[in-house]
Amino acid sequence: MTIATAEHCILIVDDEEDIILTLRDLLEHDGYQVDFAGTCAEAVARAAERHYNAVLLDLTLPDGDGLTVLKTLQERDPTLPVIVLTADVSTDRRIDLRTQGAFDYLTKPYNRDDLRATLRKAVGVKALAVKAARVEHALTESQERFRSLVESATDAIIVADHRGCILSWNRAASTLFGYTEAEILGRPLTVLMPVRYRDAHHQGLQRLRAGGEARLIGNAIELEGLRKDGSEFPLELSLATWQTHAETFFSGIIRDISERKRVQAALAASEGRFRSLVSNIPGAVYRCACDPHWTMEFLSDGIQDLCGYPASDFLGNRVRSYASIIHPEDRTMVEQQVHEAVAQRRAYVIEYRLLHRNGDVRWVYEKGQGVFGEDGRTRWLDGVIVDITDRKRVEAALQDSEERYRVLYEDTPSMYFMIDPDGTILSVNPFGAEQLGYTVEELVGQPILSVFHPEDRQAVTGELEMCLEHFGRPMSEEVRKVRKDGAVMWVRETARAVQTAAHGPVVLLVCEDTTDRKRAEDAQRESEERFRQLAEQIREVFWLSDPEKNRIYYVSPGYEHIWGCSCDSLYASPRAWLDAIHPADRPRVLEAALTKQVSGAYDEEYRIVRPDGSERWIRDRAFPICDSSGRVYRIAGLAEDITDRKRVEEALRASEERLQLALRAADLGVWDWDLRSGRVYWSETVEAFFGLSSGSFPGTHAAYLDLIYLEDRSLVLQAVQDAIERRAAFEVEHRVVQPDGSLRWLAWSGRVMKDVNGTAIRILGTVRDVTTAKRIS
């Protein structure tokens with residue numbers, strides 16, 4: 001119920017003095033301010049000079065029809081309720097008054113109670129309309145500030161759903177990670193992190209879905225990120241989460257801390273203990289009483305960094321109370337918010353100012369909650385206090401520049417239209433008019449349908465009607481517009497009906513030029529056709545299936561050549577590929593297909609049995625295809641016949657075995673020395689010559705020299721140098737000391753290998769034990 005106050009002002013438009021006096025006595029008695037007008041001109045003038053909550057209007061006036069006043073008042077302020085005073089009580093007249101904008105009507109002679117009730121209702125409706133307009137204006141400004149803040153932020157801001165799939169990110173994220181928004185939306189967060197973090201990430205998501213603890217939420221953590229080009233970089237991540245009735249969402253603020261890390265590395269030796277403390281306990285941790293002084297029972301040493309006073313000053317209010325260093329303008333707010341949260345048994349989060357010992361003012365973020373005893377009383381408060389002065393300074397700078405960003409946003413290259421419910425253009429931004437080849441003046445007042453393609457006008461009309469039926473709900477579709485010169489352009493149009501003070505209900509249209517994207521889609525279709533033609537020409541088998549292997553969407557003709565079966569038979573029986581696999585390989589391949597293909601880790605080699613009984617070796621690889629939400633809905637693969645390669649590998653294995661047998665029979669060792677890296681390869685026989693156990697040789701040239709008899713080392717080095725400089729064969733004999741102290745003679749022979757520039761890059765050859773021959777000679 002709306003109660004009349006002195007702030008409620010009523011305009012009475014009537015030329016009968018007795019009615020005016022009666023209405024004035026009645027309304028002023030009820031607490032209204034009352035103004036009078038005896039003519040149409042006077043009524044219009046008074047309404048222009050002053051704000052009224054309602055108007056009582058007689059239709060018969062000396063200088064004209066009161067309906068003219070009604071129309072003028074409605075044009076100026078559609079929310080102003082006008083109550084008509086009339087002697088005509090016919091139904092047609094009543095309907096006509098309502099359709100012309102009258103809030104209500106009262107018949108003469110009127111009933112005082114009816115007049116009071118109608119006037120209270122009118123004043124209440126006007127108050128609600130004013131409040132709704134203020135709320136909508138405030139909401140619009142808030143949304144614009146938030147969008148501008150996110151897009152102008154220097155830190156990357158990413159939002160993901162409960163599955164860890166990316167829903168949105170800002171320009172800073174694109175700059176930081178190297179992906180465009182189109183490339184990254186819908187993909188999992190794991191593409192932004194090195195492989196070593198991904199298992200922990202998946203486990204964390206599974207723990208949250210199972211109702212477990214969110215260990216990283218609310219903390220700033222440092223780890224490494226992965227850019228599109230494969231490079232890693234250190235970052236600082238602040239995670240947050242929120243819950244709707246349907247699912248959980250995550251947001252992260254990411255900052256590149258490469259420069260900070262470089263500085264920290266230089267100071268690591270002297271700041272190790274401090275860095276460890278800060279990373280584990282940021283700010284000050286406290287336990288205090290819920291009293292006016294916030295009497296501290298425990299307070300960590302971090303408080304001194306926040307206010308300049310040691311923690312011991314506050315324990316038991318020994319020197320000063322914590323309340324005494326809270327900024328005087330914030331003390332009441334802090335007390336109210338803490339007590340309100342404690343009463344509701346929920347955590348409190350507060351930002352306020354502290355008075356530093358040196359006279360500075362510091363902004364802090366405090367989060368805490370009450371701890372209650374068995375009797376339900378508050379025993380104490382536990383929480384943490386963190387310095388956010390730097391963040392507040394950044395926010396202040398952003399707030400100062402908000403107007404500049406707003407102007408910049410208005411100049412964003414998008415087409416903006418405001419149209420009335422009849423479809424007439426009320427306003428258009430200069431960019432929108434220019435894109436269509438018109439001036440702003442040429443478009444204002446024209447039907448909005450005139451700039452749309454004739455074939456799309458019905459769809460646009462339906463969209464506008466839906467907007468007006470579902471007020472405030474955005475509608476979007478892709479349609480064509482026609483420029484002044486007749487050229488056609490595709491746009492993505494988003495429409496929403498809103499209430500304005502100047503025009504009443506209007507529809508706002510935002511149009512983004514998508515002509516280039518449409519052309520790209522046409523090019524993509526052509527590309528897909530070329531791909532199909534290529535897939536049908538290659539000898540390998542390209543295939544597409546569902547993740548469960550119950551349906552084959554496509555298989556290239558190479559399947560008929562390699563498998564010896566028709567493609568139609570595979571379409572009819574999608575698991576025929578499994579039946580063709582050799583029984584010994586079938587369980588392994590089926591398990592890998594159902595588990596590894598969805599993760600992109602599927603790369604299997606197996607045998608198939610063709611209808612004629614012959615066997616072929618196949619290498620089969622696959623990777624997942626995801627929709628915009630990150631769900632795997634297709635598996636793509638490429639299978640190739642590697643039978644010939646397998647035969648060659650088998651021949652090489654047999655040849656290698658024969659070589660090893662020959663070397664053992666001849667008691668020879670094989671060696672290979674890479675001159676660039678210093679790495680040396682020996683066969684097991686050479687290790688035996690030195691008395692080493694198999695696999696114990698470190699594989700370096702330095703390790704080889706250490707094993708040579710000391711007096712022979714210079715001889716070996718000279719032989720190597722001569723072979724490299726003279727491009728001659730490498731020949732040398734030297735002694736080695738066995739682990740038991742005995743000496744053995746080894747004879748080395750080899751050839752120097754050079755690259756295309758003639759530079760020696762390696763020496764390889766054989767070695768044999770000539771100890772017996774030396775003793776005989």
# chains A, B, ... in the order shown; residues from 1 in each chain; ligands from 1
>>> select_by_dssp(residues="segment 400-607 of chain A", states="alpha helix (DSSP H)", output="MDAnalysis selection string")
chainID A and resid 400 402:410 430:435 440:443 457:469 515:537 558:563 567:572 576:579 586:595
>>> residues_around(residues="Tyr438 of chain A", least_positions_apart="4", cutoff="12 Å", atoms="only C-alpha atoms", output="list of chain:residue names")
A:Val428, A:Asn429, A:Pro430, A:Phe431, A:Gly432, A:Ala433, A:Glu434, A:Glu442, A:Leu443, A:Val444, A:Gln446, A:Val451, A:Val482, A:Arg483, A:Lys484, A:Asp485, A:Gly486
>>> write_last_selection(atoms="N, CA and C atoms", output="mmCIF file, in the first residue's frame")
data_model
loop_
_atom_site.group_PDB
_atom_site.id
_atom_site.type_symbol
_atom_site.label_atom_id
_atom_site.label_comp_id
_atom_site.auth_asym_id
_atom_site.auth_seq_id
_atom_site.Cartn_x
_atom_site.Cartn_y
_atom_site.Cartn_z
ATOM 1 N N VAL A 428 20.473 5.037 -34.805
ATOM 2 C CA VAL A 428 21.472 4.114 -35.328
ATOM 3 C C VAL A 428 22.831 4.754 -35.121
ATOM 4 N N ASN A 429 23.850 3.950 -34.770
ATOM 5 C CA ASN A 429 25.169 4.547 -34.574
ATOM 6 C C ASN A 429 25.818 4.836 -35.926
ATOM 7 N N PRO A 430 26.751 5.786 -35.966
ATOM 8 C CA PRO A 430 27.366 6.162 -37.248
ATOM 9 C C PRO A 430 28.008 4.987 -37.970
ATOM 10 N N PHE A 431 28.642 4.074 -37.230
ATOM 11 C CA PHE A 431 29.268 2.932 -37.894
ATOM 12 C C PHE A 431 28.230 2.064 -38.595
ATOM 13 N N GLY A 432 27.090 1.831 -37.902
ATOM 14 C CA GLY A 432 26.048 1.017 -38.512
ATOM 15 C C GLY A 432 25.512 1.635 -39.784
ATOM 16 N N ALA A 433 25.279 2.969 -39.766
ATOM 17 C CA ALA A 433 24.792 3.638 -40.970
ATOM 18 C C ALA A 433 25.827 3.564 -42.089
ATOM 19 N N GLU A 434 27.086 3.775 -41.736
ATOM 20 C CA GLU A 434 28.150 3.754 -42.744
ATOM 21 C C GLU A 434 28.292 2.378 -43.381
ATOM 22 N N GLU A 442 19.462 9.572 -42.848
ATOM 23 C CA GLU A 442 18.687 8.848 -43.857
ATOM 24 C C GLU A 442 17.963 7.638 -43.272
ATOM 25 N N LEU A 443 18.520 7.027 -42.215
ATOM 26 C CA LEU A 443 17.928 5.816 -41.668
ATOM 27 C C LEU A 443 16.901 6.087 -40.573
ATOM 28 N N VAL A 444 17.127 7.115 -39.756
ATOM 29 C CA VAL A 444 16.199 7.393 -38.655
ATOM 30 C C VAL A 444 14.827 7.717 -39.224
ATOM 31 N N GLN A 446 12.941 5.468 -40.738
ATOM 32 C CA GLN A 446 12.609 4.484 -41.768
ATOM 33 C C GLN A 446 12.255 3.140 -41.128
ATOM 34 N N VAL A 451 16.087 -2.352 -44.556
ATOM 35 C CA VAL A 451 17.511 -2.642 -44.733
ATOM 36 C C VAL A 451 17.788 -4.144 -44.706
ATOM 37 N N VAL A 482 20.755 -5.495 -46.810
ATOM 38 C CA VAL A 482 21.018 -4.961 -48.144
ATOM 39 C C VAL A 482 21.516 -3.527 -48.013
ATOM 40 N N ARG A 483 22.720 -3.278 -48.540
ATOM 41 C CA ARG A 483 23.278 -1.932 -48.503
ATOM 42 C C ARG A 483 22.540 -1.003 -49.469
ATOM 43 N N LYS A 484 22.780 0.276 -49.330
ATOM 44 C CA LYS A 484 22.148 1.275 -50.192
ATOM 45 C C LYS A 484 22.482 1.027 -51.658
ATOM 46 N N ASP A 485 23.711 0.511 -51.912
ATOM 47 C CA ASP A 485 24.111 0.246 -53.295
ATOM 48 C C ASP A 485 23.629 -1.109 -53.797
ATOM 49 N N GLY A 486 22.832 -1.834 -52.991
ATOM 50 C CA GLY A 486 22.287 -3.116 -53.406
ATOM 51 C C GLY A 486 23.106 -4.315 -53.008
#
>>> closest_residue(among="A:Leu306, A:Leu381, A:Ala153, A:Leu315", to="Val342 of chain A", atoms="only C-alpha atoms")
A:Leu381
>>> closest_residue(among="A:Leu226, A:Leu21, A:Val386, A:Ile642", to="Ile303 of chain A", atoms="only C-alpha atoms")
A:Val386
>>> residues_around(residues="segment 236-239 of chain A", least_positions_apart="4", cutoff="7 Å", atoms="only C-alpha atoms", output="ChimeraX atom specification")
/A:216-223,251-257
>>> residues_around(residues="Lys754 of chain A", least_positions_apart="2", cutoff="12 Å", atoms="only C-alpha atoms", output="list in words")
Asp674, Leu675, Arg676, Ala723, Ile724, Glu725, Arg727, Ala728, Arg751, Val752, Val756, Asn757, Gly758, Thr759, Ala760, Ile761, Arg762, Ile763 and Leu764 of chain A
>>> atom_distance(atom1="atom CA of Ala41 of chain A", atom2="atom CA of His29 of chain A")
27.9 Å
>>> residues_around(residues="Asp513 of chain A", least_positions_apart="5", cutoff="8 Å", atoms="only C-alpha atoms", output="ChimeraX atom specification")
/A:414,489-492
>>> write_last_selection(atoms="all heavy atoms", output="PDB file, in the first residue's frame")
ATOM      1  N   SER A 414      30.481  -2.300 -34.567  1.00  0.00           N
ATOM      2  CA  SER A 414      29.267  -3.105 -34.652  1.00  0.00           C
ATOM      3  C   SER A 414      28.121  -2.165 -34.963  1.00  0.00           C
ATOM      4  O   SER A 414      28.166  -0.971 -34.645  1.00  0.00           O
ATOM      5  CB  SER A 414      29.002  -3.861 -33.348  1.00  0.00           C
ATOM      6  OG  SER A 414      29.998  -4.825 -33.110  1.00  0.00           O
ATOM      7  N   MET A 489      24.956  -8.265 -47.446  1.00  0.00           N
ATOM      8  CA  MET A 489      25.910  -8.639 -46.410  1.00  0.00           C
ATOM      9  C   MET A 489      25.202  -9.491 -45.360  1.00  0.00           C
ATOM     10  O   MET A 489      24.033  -9.284 -45.058  1.00  0.00           O
ATOM     11  CB  MET A 489      26.529  -7.396 -45.755  1.00  0.00           C
ATOM     12  CG  MET A 489      25.549  -6.490 -45.051  1.00  0.00           C
ATOM     13  SD  MET A 489      26.271  -4.922 -44.480  1.00  0.00           S
ATOM     14  CE  MET A 489      27.540  -5.527 -43.391  1.00  0.00           C
ATOM     15  N   TRP A 490      25.935 -10.493 -44.829  1.00  0.00           N
ATOM     16  CA  TRP A 490      25.402 -11.356 -43.770  1.00  0.00           C
ATOM     17  C   TRP A 490      25.747 -10.743 -42.419  1.00  0.00           C
ATOM     18  O   TRP A 490      26.851 -10.214 -42.221  1.00  0.00           O
ATOM     19  CB  TRP A 490      26.005 -12.755 -43.846  1.00  0.00           C
ATOM     20  CG  TRP A 490      25.372 -13.630 -44.881  1.00  0.00           C
ATOM     21  CD1 TRP A 490      25.758 -13.803 -46.157  1.00  0.00           C
ATOM     22  CD2 TRP A 490      24.213 -14.466 -44.698  1.00  0.00           C
ATOM     23  NE1 TRP A 490      24.938 -14.686 -46.812  1.00  0.00           N
ATOM     24  CE2 TRP A 490      23.982 -15.120 -45.942  1.00  0.00           C
ATOM     25  CE3 TRP A 490      23.364 -14.733 -43.623  1.00  0.00           C
ATOM     26  CZ2 TRP A 490      22.933 -16.019 -46.113  1.00  0.00           C
ATOM     27  CZ3 TRP A 490      22.325 -15.625 -43.794  1.00  0.00           C
ATOM     28  CH2 TRP A 490      22.101 -16.256 -45.030  1.00  0.00           C
ATOM     29  N   VAL A 491      24.783 -10.788 -41.460  1.00  0.00           N
ATOM     30  CA  VAL A 491      25.026 -10.276 -40.117  1.00  0.00           C
ATOM     31  C   VAL A 491      24.492 -11.264 -39.101  1.00  0.00           C
ATOM     32  O   VAL A 491      23.529 -11.992 -39.349  1.00  0.00           O
ATOM     33  CB  VAL A 491      24.365  -8.892 -39.893  1.00  0.00           C
ATOM     34  CG1 VAL A 491      24.945  -7.851 -40.816  1.00  0.00           C
ATOM     35  CG2 VAL A 491      22.849  -8.977 -40.042  1.00  0.00           C
ATOM     36  N   ARG A 492      25.150 -11.277 -37.953  1.00  0.00           N
ATOM     37  CA  ARG A 492      24.629 -11.977 -36.767  1.00  0.00           C
ATOM     38  C   ARG A 492      23.906 -10.935 -35.932  1.00  0.00           C
ATOM     39  O   ARG A 492      24.504 -10.022 -35.406  1.00  0.00           O
ATOM     40  CB  ARG A 492      25.757 -12.624 -35.977  1.00  0.00           C
ATOM     41  CG  ARG A 492      25.384 -13.077 -34.571  1.00  0.00           C
ATOM     42  CD  ARG A 492      24.298 -14.112 -34.528  1.00  0.00           C
ATOM     43  NE  ARG A 492      24.697 -15.350 -35.154  1.00  0.00           N
ATOM     44  CZ  ARG A 492      23.918 -16.420 -35.248  1.00  0.00           C
ATOM     45  NH1 ARG A 492      22.682 -16.369 -34.738  1.00  0.00           N
ATOM     46  NH2 ARG A 492      24.341 -17.515 -35.833  1.00  0.00           N
TER      47      ARG A 492
END
>>> select_by_dssp(residues="segment 352-392 of chain A", states="strand (DSSP E)", output="list in words")
Tyr352, Arg353, Leu354, Leu355, Val361, Arg362, Trp363, Val364, Tyr365, Glu366, Lys367, Gly368, Gln369, Gly370, Val371, Phe372, Thr378, Arg379, Trp380, Leu381, Asp382, Gly383, Val384, Ile385, Val386 and Asp387 of chain A
>>> residues_around(residues="Arg575 of chain A", least_positions_apart="4", cutoff="8 Å", atoms="only C-alpha atoms", output="PDB file with all heavy atoms, in the first residue's frame")
ATOM      1  N   LYS A 549      32.034 -47.602 -31.374  1.00  0.00           N
ATOM      2  CA  LYS A 549      32.325 -48.506 -32.487  1.00  0.00           C
ATOM      3  C   LYS A 549      31.073 -49.241 -32.981  1.00  0.00           C
ATOM      4  O   LYS A 549      31.153 -50.333 -33.544  1.00  0.00           O
ATOM      5  CB  LYS A 549      33.413 -49.537 -32.129  1.00  0.00           C
ATOM      6  CG  LYS A 549      34.553 -49.023 -31.273  1.00  0.00           C
ATOM      7  CD  LYS A 549      35.167 -47.770 -31.806  1.00  0.00           C
ATOM      8  CE  LYS A 549      35.829 -47.964 -33.174  1.00  0.00           C
ATOM      9  NZ  LYS A 549      36.369 -46.699 -33.702  1.00  0.00           N
ATOM     10  N   ASN A 550      29.905 -48.624 -32.768  1.00  0.00           N
ATOM     11  CA  ASN A 550      28.666 -49.248 -33.217  1.00  0.00           C
ATOM     12  C   ASN A 550      28.201 -48.719 -34.564  1.00  0.00           C
ATOM     13  O   ASN A 550      27.230 -49.236 -35.129  1.00  0.00           O
ATOM     14  CB  ASN A 550      27.547 -49.016 -32.183  1.00  0.00           C
ATOM     15  CG  ASN A 550      27.824 -49.737 -30.879  1.00  0.00           C
ATOM     16  OD1 ASN A 550      28.364 -50.848 -30.883  1.00  0.00           O
ATOM     17  ND2 ASN A 550      27.476 -49.109 -29.758  1.00  0.00           N
ATOM     18  N   LEU A 570      31.091 -53.122 -44.513  1.00  0.00           N
ATOM     19  CA  LEU A 570      31.484 -52.544 -43.226  1.00  0.00           C
ATOM     20  C   LEU A 570      30.399 -51.600 -42.707  1.00  0.00           C
ATOM     21  O   LEU A 570      30.124 -51.568 -41.515  1.00  0.00           O
ATOM     22  CB  LEU A 570      32.807 -51.783 -43.366  1.00  0.00           C
ATOM     23  CG  LEU A 570      33.392 -51.220 -42.053  1.00  0.00           C
ATOM     24  CD1 LEU A 570      33.640 -52.334 -41.052  1.00  0.00           C
ATOM     25  CD2 LEU A 570      34.676 -50.452 -42.322  1.00  0.00           C
ATOM     26  N   ASP A 579      36.140 -58.524 -36.408  1.00  0.00           N
ATOM     27  CA  ASP A 579      36.129 -59.942 -36.765  1.00  0.00           C
ATOM     28  C   ASP A 579      37.313 -60.301 -37.658  1.00  0.00           C
ATOM     29  O   ASP A 579      37.772 -61.447 -37.650  1.00  0.00           O
ATOM     30  CB  ASP A 579      34.814 -60.294 -37.470  1.00  0.00           C
ATOM     31  CG  ASP A 579      33.606 -60.086 -36.565  1.00  0.00           C
ATOM     32  OD1 ASP A 579      33.794 -60.142 -35.332  1.00  0.00           O
ATOM     33  OD2 ASP A 579      32.504 -59.848 -37.081  1.00  0.00           O
TER      34      ASP A 579
END
>>> residues_around(residues="Val507 of chain A", least_positions_apart="5", cutoff="6 Å", atoms="only C-alpha atoms", output="list in words")
Met418, Ile419, Arg496 and Ala497 of chain A
>>> write_last_selection(atoms="N, CA and C atoms", output="short mmCIF file (atom, residue, chain, number, x, y, z; two decimals), in the first residue's frame")
data_model
loop_
_atom_site.label_atom_id
_atom_site.label_comp_id
_atom_site.auth_asym_id
_atom_site.auth_seq_id
_atom_site.Cartn_x
_atom_site.Cartn_y
_atom_site.Cartn_z
N MET A 418 18.11 1.19 -32.54
CA MET A 418 17.01 1.20 -31.58
C MET A 418 15.75 1.46 -32.37
N ILE A 419 14.76 0.57 -32.22
CA ILE A 419 13.53 0.69 -33.01
C ILE A 419 12.34 0.64 -32.06
N ARG A 496 16.86 -7.38 -28.30
CA ARG A 496 16.30 -7.47 -26.96
C ARG A 496 15.40 -6.26 -26.72
N ALA A 497 14.22 -6.50 -26.15
CA ALA A 497 13.29 -5.42 -25.83
C ALA A 497 13.60 -4.89 -24.43
#
>>> atom_distance(atom1="atom CA of Trp242 of chain A", atom2="atom CA of Gln369 of chain A")
19.1 Å
